file my_file-v4.pdb (PDB, C-alpha atoms, pLDDT in the B column)
ATOM      1  CA  MET A  15      50.766 -44.655 -61.834  1.00 47.00           C
ATOM      2  CA  SER A  16      49.865 -46.887 -58.948  1.00 58.00           C
ATOM      3  CA  SER A  17      48.381 -50.256 -59.871  1.00 69.00           C
ATOM      4  CA  ASP A  18      47.494 -50.964 -56.239  1.00 88.00           C
ATOM      5  CA  LEU A  19      44.671 -48.421 -56.226  1.00 96.00           C
ATOM      6  CA  ARG A  20      41.470 -49.868 -54.791  1.00 97.00           C
ATOM      7  CA  PHE A  21      38.394 -49.529 -56.997  1.00 98.00           C
ATOM      8  CA  LEU A  22      34.729 -49.789 -56.019  1.00 98.00           C
ATOM      9  CA  ILE A  23      32.508 -50.907 -58.899  1.00 98.00           C
ATOM     10  CA  VAL A  24      28.835 -50.048 -58.388  1.00 98.00           C
ATOM     11  CA  ASP A  25      26.196 -51.497 -60.716  1.00 97.00           C
ATOM     12  CA  ASP A  26      22.935 -53.350 -60.136  1.00 96.00           C
ATOM     13  CA  PHE A  27      23.755 -55.749 -62.983  1.00 96.00           C
ATOM     14  CA  SER A  28      26.273 -58.373 -61.817  1.00 97.00           C
ATOM     15  CA  THR A  29      27.463 -59.106 -65.369  1.00 96.00           C
ATOM     16  CA  MET A  30      28.335 -55.434 -65.855  1.00 95.00           C
ATOM     17  CA  ARG A  31      30.267 -55.374 -62.567  1.00 97.00           C
ATOM     18  CA  ARG A  32      32.218 -58.425 -63.706  1.00 97.00           C
ATOM     19  CA  ILE A  33      32.943 -56.869 -67.123  1.00 96.00           C
ATOM     20  CA  ILE A  34      34.227 -53.633 -65.543  1.00 97.00           C
ATOM     21  CA  ARG A  35      36.291 -55.602 -63.007  1.00 97.00           C
ATOM     22  CA  ASN A  36      37.889 -57.668 -65.791  1.00 97.00           C
ATOM     23  CA  LEU A  37      38.591 -54.599 -67.935  1.00 97.00           C
ATOM     24  CA  LEU A  38      40.225 -52.847 -64.980  1.00 97.00           C
ATOM     25  CA  LYS A  39      42.281 -55.963 -64.254  1.00 96.00           C
ATOM     26  CA  GLU A  40      43.443 -56.116 -67.887  1.00 95.00           C
ATOM     27  CA  SER A  41      44.439 -52.454 -67.530  1.00 94.00           C
ATOM     28  CA  GLY A  42      46.592 -53.244 -64.487  1.00 94.00           C
ATOM     29  CA  PHE A  43      44.075 -52.408 -61.748  1.00 95.00           C
ATOM     30  CA  ALA A  44      43.365 -55.748 -60.071  1.00 94.00           C
ATOM     31  CA  ASN A  45      42.247 -54.448 -56.678  1.00 96.00           C
ATOM     32  CA  ALA A  46      38.456 -53.983 -56.927  1.00 97.00           C
ATOM     33  CA  ASP A  47      35.348 -54.608 -54.850  1.00 98.00           C
ATOM     34  CA  GLU A  48      31.743 -54.582 -56.005  1.00 98.00           C
ATOM     35  CA  ALA A  49      28.440 -53.170 -54.762  1.00 98.00           C
ATOM     36  CA  GLU A  50      25.013 -53.857 -56.262  1.00 97.00           C
ATOM     37  CA  ASP A  51      23.637 -50.365 -55.642  1.00 97.00           C
ATOM     38  CA  GLY A  52      24.517 -46.976 -54.218  1.00 98.00           C
ATOM     39  CA  ALA A  53      23.262 -47.794 -50.726  1.00 98.00           C
ATOM     40  CA  VAL A  54      25.569 -50.814 -50.427  1.00 98.00           C
ATOM     41  CA  ALA A  55      28.416 -48.785 -51.947  1.00 98.00           C
ATOM     42  CA  TRP A  56      27.838 -45.984 -49.434  1.00 98.00           C
ATOM     43  CA  ARG A  57      28.128 -48.416 -46.511  1.00 98.00           C
ATOM     44  CA  MET A  58      31.306 -49.891 -48.012  1.00 98.00           C
ATOM     45  CA  LEU A  59      32.808 -46.418 -48.465  1.00 98.00           C
ATOM     46  CA  GLN A  60      32.059 -45.610 -44.810  1.00 96.00           C
ATOM     47  CA  ASN A  61      33.788 -48.756 -43.571  1.00 96.00           C
ATOM     48  CA  SER A  62      36.705 -49.261 -45.938  1.00 96.00           C
ATOM     49  CA  HIS A  63      39.254 -47.327 -47.985  1.00 96.00           C
ATOM     50  CA  PHE A  64      38.723 -46.880 -51.733  1.00 97.00           C
ATOM     51  CA  ASP A  65      40.731 -44.810 -54.209  1.00 97.00           C
ATOM     52  CA  PHE A  66      38.320 -44.711 -57.152  1.00 98.00           C
ATOM     53  CA  VAL A  67      34.577 -45.293 -57.731  1.00 98.00           C
ATOM     54  CA  VAL A  68      33.131 -46.522 -61.035  1.00 98.00           C
ATOM     55  CA  SER A  69      29.340 -46.306 -60.793  1.00 97.00           C
ATOM     56  CA  ASP A  70      26.271 -46.881 -62.893  1.00 96.00           C
ATOM     57  CA  ILE A  71      23.624 -44.146 -62.733  1.00 94.00           C
ATOM     58  CA  ASN A  72      20.340 -46.071 -62.801  1.00 93.00           C
ATOM     59  CA  MET A  73      20.131 -48.391 -59.784  1.00 95.00           C
ATOM     60  CA  PRO A  74      17.547 -49.181 -57.105  1.00 95.00           C
ATOM     61  CA  ASN A  75      17.769 -47.893 -53.497  1.00 95.00           C
ATOM     62  CA  MET A  76      20.360 -45.189 -54.227  1.00 97.00           C
ATOM     63  CA  ASN A  77      21.276 -44.193 -57.784  1.00 96.00           C
ATOM     64  CA  GLY A  78      24.657 -42.993 -59.026  1.00 96.00           C
ATOM     65  CA  PHE A  79      23.797 -39.300 -58.690  1.00 96.00           C
ATOM     66  CA  GLN A  80      22.644 -39.799 -55.091  1.00 97.00           C
ATOM     67  CA  LEU A  81      25.816 -41.751 -54.276  1.00 98.00           C
ATOM     68  CA  LEU A  82      27.974 -39.049 -55.867  1.00 97.00           C
ATOM     69  CA  ALA A  83      26.160 -36.356 -53.850  1.00 97.00           C
ATOM     70  CA  GLU A  84      26.742 -38.261 -50.591  1.00 97.00           C
ATOM     71  CA  ILE A  85      30.436 -38.743 -51.380  1.00 97.00           C
ATOM     72  CA  LYS A  86      30.927 -35.075 -52.243  1.00 97.00           C
ATOM     73  CA  LYS A  87      29.293 -34.001 -48.932  1.00 96.00           C
ATOM     74  CA  ASP A  88      31.696 -36.161 -46.895  1.00 97.00           C
ATOM     75  CA  ASP A  89      35.060 -34.547 -46.112  1.00 97.00           C
ATOM     76  CA  LYS A  90      36.757 -37.949 -45.806  1.00 96.00           C
ATOM     77  CA  LEU A  91      35.491 -39.144 -49.200  1.00 97.00           C
ATOM     78  CA  LYS A  92      34.990 -36.101 -51.433  1.00 96.00           C
ATOM     79  CA  HIS A  93      38.491 -36.425 -52.933  1.00 96.00           C
ATOM     80  CA  ILE A  94      37.741 -39.889 -54.416  1.00 97.00           C
ATOM     81  CA  PRO A  95      37.472 -39.779 -58.216  1.00 97.00           C
ATOM     82  CA  PHE A  96      33.998 -40.854 -59.373  1.00 98.00           C
ATOM     83  CA  LEU A  97      33.519 -42.207 -62.909  1.00 97.00           C
ATOM     84  CA  MET A  98      29.892 -42.452 -64.073  1.00 96.00           C
ATOM     85  CA  VAL A  99      28.923 -45.307 -66.358  1.00 93.00           C
ATOM     86  CA  THR A 100      25.501 -45.418 -68.004  1.00 88.00           C
ATOM     87  CA  ALA A 101      23.590 -46.910 -70.899  1.00 87.00           C
ATOM     88  CA  GLU A 102      22.026 -43.536 -71.667  1.00 81.00           C
ATOM     89  CA  ALA A 103      23.939 -40.735 -73.340  1.00 78.00           C
ATOM     90  CA  ARG A 104      21.575 -37.978 -72.253  1.00 83.00           C
ATOM     91  CA  LYS A 105      23.196 -34.580 -72.439  1.00 86.00           C
ATOM     92  CA  GLU A 106      21.505 -33.415 -69.225  1.00 89.00           C
ATOM     93  CA  ASP A 107      22.966 -36.417 -67.340  1.00 87.00           C
ATOM     94  CA  ILE A 108      26.464 -35.650 -68.612  1.00 87.00           C
ATOM     95  CA  VAL A 109      26.099 -31.992 -67.579  1.00 89.00           C
ATOM     96  CA  LEU A 110      24.642 -32.938 -64.176  1.00 90.00           C
ATOM     97  CA  ALA A 111      27.460 -35.437 -63.567  1.00 91.00           C
ATOM     98  CA  ALA A 112      30.058 -32.748 -64.252  1.00 91.00           C
ATOM     99  CA  GLN A 113      28.226 -30.183 -62.117  1.00 93.00           C
ATOM    100  CA  GLN A 114      28.026 -32.602 -59.195  1.00 94.00           C
ATOM    101  CA  GLY A 115      31.736 -33.321 -59.355  1.00 95.00           C
ATOM    102  CA  ALA A 116      32.035 -36.562 -61.314  1.00 97.00           C
ATOM    103  CA  ALA A 117      35.541 -36.973 -62.692  1.00 97.00           C
ATOM    104  CA  GLY A 118      34.244 -38.500 -65.917  1.00 95.00           C
ATOM    105  CA  TYR A 119      31.411 -40.161 -67.801  1.00 94.00           C
ATOM    106  CA  ILE A 120      31.319 -43.273 -70.032  1.00 95.00           C
ATOM    107  CA  VAL A 121      28.406 -44.577 -72.096  1.00 93.00           C
ATOM    108  CA  LYS A 122      27.793 -48.350 -72.285  1.00 90.00           C
ATOM    109  CA  PRO A 123      28.785 -50.369 -74.163  1.00 91.00           C
ATOM    110  CA  PHE A 124      32.435 -49.390 -74.047  1.00 93.00           C
ATOM    111  CA  THR A 125      35.772 -51.027 -74.772  1.00 94.00           C
ATOM    112  CA  LYS A 126      38.763 -51.704 -72.552  1.00 95.00           C
ATOM    113  CA  ALA A 127      40.580 -48.878 -74.359  1.00 96.00           C
ATOM    114  CA  VAL A 128      37.833 -46.358 -73.529  1.00 96.00           C
ATOM    115  CA  LEU A 129      37.693 -47.336 -69.838  1.00 97.00           C
ATOM    116  CA  GLU A 130      41.471 -47.474 -69.488  1.00 96.00           C
ATOM    117  CA  GLU A 131      41.974 -44.116 -71.194  1.00 96.00           C
ATOM    118  CA  LYS A 132      39.293 -42.463 -69.039  1.00 96.00           C
ATOM    119  CA  VAL A 133      40.678 -43.903 -65.774  1.00 97.00           C
ATOM    120  CA  LEU A 134      44.295 -43.036 -66.648  1.00 96.00           C
ATOM    121  CA  ASN A 135      43.344 -39.491 -67.678  1.00 96.00           C
ATOM    122  CA  ILE A 136      41.465 -38.962 -64.405  1.00 96.00           C
ATOM    123  CA  LEU A 137      44.376 -40.323 -62.361  1.00 96.00           C
ATOM    124  CA  LYS A 138      46.843 -38.170 -64.294  1.00 95.00           C
ATOM    125  CA  ARG A 139      44.678 -35.060 -63.886  1.00 93.00           C
ATOM    126  CA  LEU A 140      44.474 -35.685 -60.131  1.00 90.00           C
ATOM    127  CA  GLY A 141      48.161 -36.496 -59.816  1.00 88.00           C
ATOM    128  CA  LEU A 142      47.551 -40.072 -58.597  1.00 81.00           C
TER
END
call {"tool": "encode", "arguments": {"input": "my_file-v4.pdb", "output": "structure tokens"}}
result
Amino acid sequence: MSSDLRFLIVDDFSTMRRIIRNLLKESGFANADEAEDGAVAWRMLQNSHFDFVVSDINMPNMNGFQLLAEIKKDDKLKHIPFLMVTAEARKEDIVLAAQQGAAGYIVKPFTKAVLEEKVLNILKRLGL
């Protein structure tokens, strides 16, 4: 398992970005950048290398589903694992996330153990 993987944390709530960043760091993943919405994240993904995206769903400008769709359409980016994080546990969102190619889905609030287990399982499944 590579601890030098570069994460992009996308959430319109700065406190949530900080929480996710700290939980990832505690799990051994210290290399992370942040974006306040999908549009900013999309620009960052175009201009820099990331190994994993952790994104909220409900955000202004470009939501998590729109960001995921853009990533999956791009041959250079479609391989990047995309973990959806949301405050709403709506079954249709979970199904849509899976259909669109999200690697996983977590409902807020969550613990370090939940995030770490989800990230490690995704990385293991993808052979990273």
call {"tool": "resolve_selection", "arguments": {"input": "my_file-v4.pdb", "expression": "the PyMOL selection byres ((chain A and resi 74) around 12)", "output": "ChimeraX atom specification"}}
result
/A:24-27,49-54,70-73,75-81
call {"tool": "resolve_selection", "arguments": {"input": "my_file-v4.pdb", "expression": "the PyMOL selection byres ((chain A and resi 131-142) around 8)", "output": "JSON, numbers by chain"}}
result
{"A": [15, 16, 95, 97, 117, 118, 127, 128, 129, 130]}
call {"tool": "residues_around", "arguments": {"input": "my_file-v4.pdb", "residues": "Phe43 (chain A)", "least_positions_apart": "4", "cutoff": "9 Å", "atoms": "only C-alpha atoms", "output": "list in words"}}
result
Ser16, Ser17, Asp18, Leu19, Arg20, Phe21, Arg35, Leu37, Leu38 and Lys39 of chain A
call {"tool": "write_last_selection", "arguments": {"input": "my_file-v4.pdb", "atoms": "C-alpha atoms", "output": "PDB file, in the frame of the given file"}}
result
ATOM      1  CA  SER A  16      49.865 -46.887 -58.948  1.00 58.00           C
ATOM      2  CA  SER A  17      48.381 -50.256 -59.871  1.00 69.00           C
ATOM      3  CA  ASP A  18      47.494 -50.964 -56.239  1.00 88.00           C
ATOM      4  CA  LEU A  19      44.671 -48.421 -56.226  1.00 96.00           C
ATOM      5  CA  ARG A  20      41.470 -49.868 -54.791  1.00 97.00           C
ATOM      6  CA  PHE A  21      38.394 -49.529 -56.997  1.00 98.00           C
ATOM      7  CA  ARG A  35      36.291 -55.602 -63.007  1.00 97.00           C
ATOM      8  CA  LEU A  37      38.591 -54.599 -67.935  1.00 97.00           C
ATOM      9  CA  LEU A  38      40.225 -52.847 -64.980  1.00 97.00           C
ATOM     10  CA  LYS A  39      42.281 -55.963 -64.254  1.00 96.00           C
TER      11      LYS A  39
END
call {"tool": "closest_residue", "arguments": {"input": "my_file-v4.pdb", "among": "A:Asp65, A:Glu84, A:Asp47, A:Glu40", "to": "Gln114 (chain A)", "atoms": "all atoms listed in the file"}}
result
A:Glu84
call {"tool": "closest_residue", "arguments": {"input": "my_file-v4.pdb", "among": "A:Ile85, A:Met98, A:Thr29, A:Val121", "to": "Met58 (chain A)", "atoms": "all atoms listed in the file"}}
result
A:Ile85
call {"tool": "atom_distance", "arguments": {"input": "my_file-v4.pdb", "atom1": "CA of Lys92 (chain A)", "atom2": "CA of Gly115 (chain A)"}}
result
9.0 Å
call {"tool": "closest_residue", "arguments": {"input": "my_file-v4.pdb", "among": "A:Leu91, A:Leu22, A:Tyr119, A:Arg57", "to": "Ala44 (chain A)", "atoms": "all atoms listed in the file"}}
result
A:Leu22
call {"tool": "closest_residue", "arguments": {"input": "my_file-v4.pdb", "among": "A:Ile108, A:Ile94, A:Arg32, A:Asp89", "to": "His63 (chain A)", "atoms": "only C-alpha atoms"}}
result
A:Ile94
call {"tool": "atom_distance", "arguments": {"input": "my_file-v4.pdb", "atom1": "CA of Val67 (chain A)", "atom2": "CA of Thr100 (chain A)"}}
result
13.7 Å
call {"tool": "closest_residue", "arguments": {"input": "my_file-v4.pdb", "among": "A:Ser69, A:Leu59, A:Lys86, A:Glu48", "to": "Ser28 (chain A)", "atoms": "only C-alpha atoms"}}
result
A:Glu48
call {"tool": "closest_residue", "arguments": {"input": "my_file-v4.pdb", "among": "A:Ala112, A:Leu82, A:Gln60, A:Thr125", "to": "Asn36 (chain A)", "atoms": "only C-alpha atoms"}}
result
A:Thr125
call {"tool": "atom_distance", "arguments": {"input": "my_file-v4.pdb", "atom1": "CA of Asp88 (chain A)", "atom2": "CA of Phe66 (chain A)"}}
result
14.9 Å
call {"tool": "decode", "arguments": {"input": "my_file-v4.pdb", "residues": "chain A", "atoms": "C-alpha atoms", "output": "PDB file, in the first residue's frame"}}
result
ATOM      1  CA  MET A  15       0.000   0.000   0.000  1.00  0.00           C
ATOM      2  CA  SER A  16       1.498   3.288  -1.031  1.00  0.00           C
ATOM      3  CA  SER A  17       1.235   6.090   1.516  1.00  0.00           C
ATOM      4  CA  ASP A  18       2.481   8.638  -1.021  1.00  0.00           C
ATOM      5  CA  LEU A  19      -0.765   8.558  -2.994  1.00  0.00           C
ATOM      6  CA  ARG A  20      -2.072  12.048  -3.709  1.00  0.00           C
ATOM      7  CA  PHE A  21      -5.664  12.694  -2.647  1.00  0.00           C
ATOM      8  CA  LEU A  22      -8.021  15.448  -3.796  1.00  0.00           C
ATOM      9  CA  ILE A  23     -10.664  16.306  -1.197  1.00  0.00           C
ATOM     10  CA  VAL A  24     -13.687  18.098  -2.661  1.00  0.00           C
ATOM     11  CA  ASP A  25     -16.277  19.664  -0.354  1.00  0.00           C
ATOM     12  CA  ASP A  26     -17.864  23.107  -0.164  1.00  0.00           C
ATOM     13  CA  PHE A  27     -17.568  23.069   3.637  1.00  0.00           C
ATOM     14  CA  SER A  28     -13.988  23.883   4.692  1.00  0.00           C
ATOM     15  CA  THR A  29     -14.385  22.182   8.086  1.00  0.00           C
ATOM     16  CA  MET A  30     -15.376  18.936   6.364  1.00  0.00           C
ATOM     17  CA  ARG A  31     -12.354  19.147   4.048  1.00  0.00           C
ATOM     18  CA  ARG A  32     -10.115  19.615   7.078  1.00  0.00           C
ATOM     19  CA  ILE A  33     -11.730  16.670   8.908  1.00  0.00           C
ATOM     20  CA  ILE A  34     -11.270  14.356   5.899  1.00  0.00           C
ATOM     21  CA  ARG A  35      -7.682  15.568   5.421  1.00  0.00           C
ATOM     22  CA  ASN A  36      -6.872  14.868   9.084  1.00  0.00           C
ATOM     23  CA  LEU A  37      -8.520  11.435   8.999  1.00  0.00           C
ATOM     24  CA  LEU A  38      -6.560  10.518   5.870  1.00  0.00           C
ATOM     25  CA  LYS A  39      -3.355  11.757   7.500  1.00  0.00           C
ATOM     26  CA  GLU A  40      -4.042   9.639  10.601  1.00  0.00           C
ATOM     27  CA  SER A  41      -4.543   6.684   8.246  1.00  0.00           C
ATOM     28  CA  GLY A  42      -1.120   7.246   6.669  1.00  0.00           C
ATOM     29  CA  PHE A  43      -2.192   9.314   3.650  1.00  0.00           C
ATOM     30  CA  ALA A  44      -0.657  12.741   4.264  1.00  0.00           C
ATOM     31  CA  ASN A  45      -0.502  13.942   0.661  1.00  0.00           C
ATOM     32  CA  ALA A  46      -3.812  15.751   0.012  1.00  0.00           C
ATOM     33  CA  ASP A  47      -5.076  18.893  -1.690  1.00  0.00           C
ATOM     34  CA  GLU A  48      -8.480  20.511  -1.337  1.00  0.00           C
ATOM     35  CA  ALA A  49     -11.093  22.013  -3.654  1.00  0.00           C
ATOM     36  CA  GLU A  50     -14.231  23.871  -2.573  1.00  0.00           C
ATOM     37  CA  ASP A  51     -16.427  22.542  -5.381  1.00  0.00           C
ATOM     38  CA  GLY A  52     -16.421  20.295  -8.420  1.00  0.00           C
ATOM     39  CA  ALA A  53     -15.486  23.076 -10.835  1.00  0.00           C
ATOM     40  CA  VAL A  54     -12.316  23.919  -8.894  1.00  0.00           C
ATOM     41  CA  ALA A  55     -11.561  20.202  -8.518  1.00  0.00           C
ATOM     42  CA  TRP A  56     -11.978  19.679 -12.266  1.00  0.00           C
ATOM     43  CA  ARG A  57      -9.437  22.419 -13.028  1.00  0.00           C
ATOM     44  CA  MET A  58      -7.017  20.925 -10.490  1.00  0.00           C
ATOM     45  CA  LEU A  59      -7.414  17.459 -12.023  1.00  0.00           C
ATOM     46  CA  GLN A  60      -6.649  18.892 -15.478  1.00  0.00           C
ATOM     47  CA  ASN A  61      -3.456  20.562 -14.279  1.00  0.00           C
ATOM     48  CA  SER A  62      -2.027  18.187 -11.693  1.00  0.00           C
ATOM     49  CA  HIS A  63      -1.713  14.488 -10.892  1.00  0.00           C
ATOM     50  CA  PHE A  64      -4.035  12.906  -8.316  1.00  0.00           C
ATOM     51  CA  ASP A  65      -4.402   9.250  -7.343  1.00  0.00           C
ATOM     52  CA  PHE A  66      -7.709   9.357  -5.463  1.00  0.00           C
ATOM     53  CA  VAL A  67     -10.717  11.719  -5.211  1.00  0.00           C
ATOM     54  CA  VAL A  68     -12.895  12.019  -2.099  1.00  0.00           C
ATOM     55  CA  SER A  69     -15.880  14.207  -2.980  1.00  0.00           C
ATOM     56  CA  ASP A  70     -19.054  15.523  -1.447  1.00  0.00           C
ATOM     57  CA  ILE A  71     -22.170  15.270  -3.624  1.00  0.00           C
ATOM     58  CA  ASN A  72     -24.044  18.501  -2.888  1.00  0.00           C
ATOM     59  CA  MET A  73     -21.900  21.498  -3.865  1.00  0.00           C
ATOM     60  CA  PRO A  74     -22.406  24.698  -5.859  1.00  0.00           C
ATOM     61  CA  ASN A  75     -21.083  25.209  -9.425  1.00  0.00           C
ATOM     62  CA  MET A  76     -20.436  21.512 -10.114  1.00  0.00           C
ATOM     63  CA  ASN A  77     -21.740  18.782  -7.806  1.00  0.00           C
ATOM     64  CA  GLY A  78     -20.103  15.438  -7.065  1.00  0.00           C
ATOM     65  CA  PHE A  79     -22.100  13.545  -9.696  1.00  0.00           C
ATOM     66  CA  GLN A  80     -21.162  16.092 -12.373  1.00  0.00           C
ATOM     67  CA  LEU A  81     -17.493  15.910 -11.355  1.00  0.00           C
ATOM     68  CA  LEU A  82     -17.585  12.106 -11.435  1.00  0.00           C
ATOM     69  CA  ALA A  83     -19.168  12.177 -14.913  1.00  0.00           C
ATOM     70  CA  GLU A  84     -16.451  14.523 -16.214  1.00  0.00           C
ATOM     71  CA  ILE A  85     -13.689  12.343 -14.759  1.00  0.00           C
ATOM     72  CA  LYS A  86     -15.154   9.165 -16.240  1.00  0.00           C
ATOM     73  CA  LYS A  87     -15.356  10.792 -19.718  1.00  0.00           C
ATOM     74  CA  ASP A  88     -11.653  11.723 -19.641  1.00  0.00           C
ATOM     75  CA  ASP A  89      -9.263   8.961 -20.735  1.00  0.00           C
ATOM     76  CA  LYS A  90      -6.422  10.430 -18.657  1.00  0.00           C
ATOM     77  CA  LEU A  91      -8.513  10.562 -15.469  1.00  0.00           C
ATOM     78  CA  LYS A  92     -11.147   7.819 -15.648  1.00  0.00           C
ATOM     79  CA  HIS A  93      -8.928   5.343 -13.762  1.00  0.00           C
ATOM     80  CA  ILE A  94      -8.828   7.540 -10.612  1.00  0.00           C
ATOM     81  CA  PRO A  95     -10.833   6.015  -7.752  1.00  0.00           C
ATOM     82  CA  PHE A  96     -13.696   8.312  -6.711  1.00  0.00           C
ATOM     83  CA  LEU A  97     -15.164   8.028  -3.199  1.00  0.00           C
ATOM     84  CA  MET A  98     -18.481   9.843  -2.679  1.00  0.00           C
ATOM     85  CA  VAL A  99     -19.167  11.410   0.696  1.00  0.00           C
ATOM     86  CA  THR A 100     -22.596  12.807   1.542  1.00  0.00           C
ATOM     87  CA  ALA A 101     -24.852  13.733   4.425  1.00  0.00           C
ATOM     88  CA  GLU A 102     -27.788  12.010   2.744  1.00  0.00           C
ATOM     89  CA  ALA A 103     -28.152   8.247   2.632  1.00  0.00           C
ATOM     90  CA  ARG A 104     -30.625   8.204  -0.241  1.00  0.00           C
ATOM     91  CA  LYS A 105     -30.774   4.833  -1.919  1.00  0.00           C
ATOM     92  CA  GLU A 106     -31.102   6.389  -5.385  1.00  0.00           C
ATOM     93  CA  ASP A 107     -27.883   8.390  -4.818  1.00  0.00           C
ATOM     94  CA  ILE A 108     -25.995   5.262  -3.773  1.00  0.00           C
ATOM     95  CA  VAL A 109     -27.264   3.398  -6.854  1.00  0.00           C
ATOM     96  CA  LEU A 110     -26.480   6.348  -9.152  1.00  0.00           C
ATOM     97  CA  ALA A 111     -22.969   6.664  -7.693  1.00  0.00           C
ATOM     98  CA  ALA A 112     -22.290   2.992  -8.406  1.00  0.00           C
ATOM     99  CA  GLN A 113     -23.783   3.212 -11.902  1.00  0.00           C
ATOM    100  CA  GLN A 114     -21.637   6.231 -12.744  1.00  0.00           C
ATOM    101  CA  GLY A 115     -18.478   4.471 -11.633  1.00  0.00           C
ATOM    102  CA  ALA A 116     -17.853   5.695  -8.091  1.00  0.00           C
ATOM    103  CA  ALA A 117     -15.539   3.328  -6.248  1.00  0.00           C
ATOM    104  CA  GLY A 118     -17.444   3.777  -2.994  1.00  0.00           C
ATOM    105  CA  TYR A 119     -19.900   5.793  -0.935  1.00  0.00           C
ATOM    106  CA  ILE A 120     -19.762   7.043   2.682  1.00  0.00           C
ATOM    107  CA  VAL A 121     -22.505   8.783   4.655  1.00  0.00           C
ATOM    108  CA  LYS A 122     -21.579  11.660   7.003  1.00  0.00           C
ATOM    109  CA  PRO A 123     -20.852  11.669   9.842  1.00  0.00           C
ATOM    110  CA  PHE A 124     -18.290   8.893   9.697  1.00  0.00           C
ATOM    111  CA  THR A 125     -15.322   7.745  11.750  1.00  0.00           C
ATOM    112  CA  LYS A 126     -11.657   7.387  10.871  1.00  0.00           C
ATOM    113  CA  ALA A 127     -12.169   3.607  10.834  1.00  0.00           C
ATOM    114  CA  VAL A 128     -14.970   3.845   8.250  1.00  0.00           C
ATOM    115  CA  LEU A 129     -12.995   6.162   5.942  1.00  0.00           C
ATOM    116  CA  GLU A 130      -9.780   4.178   6.311  1.00  0.00           C
ATOM    117  CA  GLU A 131     -11.500   0.849   5.678  1.00  0.00           C
ATOM    118  CA  LYS A 132     -13.295   2.205   2.596  1.00  0.00           C
ATOM    119  CA  VAL A 133     -10.122   3.762   1.126  1.00  0.00           C
ATOM    120  CA  LEU A 134      -7.996   0.663   1.817  1.00  0.00           C
ATOM    121  CA  ASN A 135     -10.634  -1.652   0.328  1.00  0.00           C
ATOM    122  CA  ILE A 136     -10.832   0.479  -2.826  1.00  0.00           C
ATOM    123  CA  LEU A 137      -7.039   0.563  -3.164  1.00  0.00           C
ATOM    124  CA  LYS A 138      -6.825  -3.191  -2.598  1.00  0.00           C
ATOM    125  CA  ARG A 139      -9.593  -3.881  -5.126  1.00  0.00           C
ATOM    126  CA  LEU A 140      -7.780  -1.740  -7.707  1.00  0.00           C
ATOM    127  CA  GLY A 141      -4.385  -3.222  -6.915  1.00  0.00           C
ATOM    128  CA  LEU A 142      -2.887   0.112  -5.785  1.00  0.00           C
TER     129      LEU A 142
END
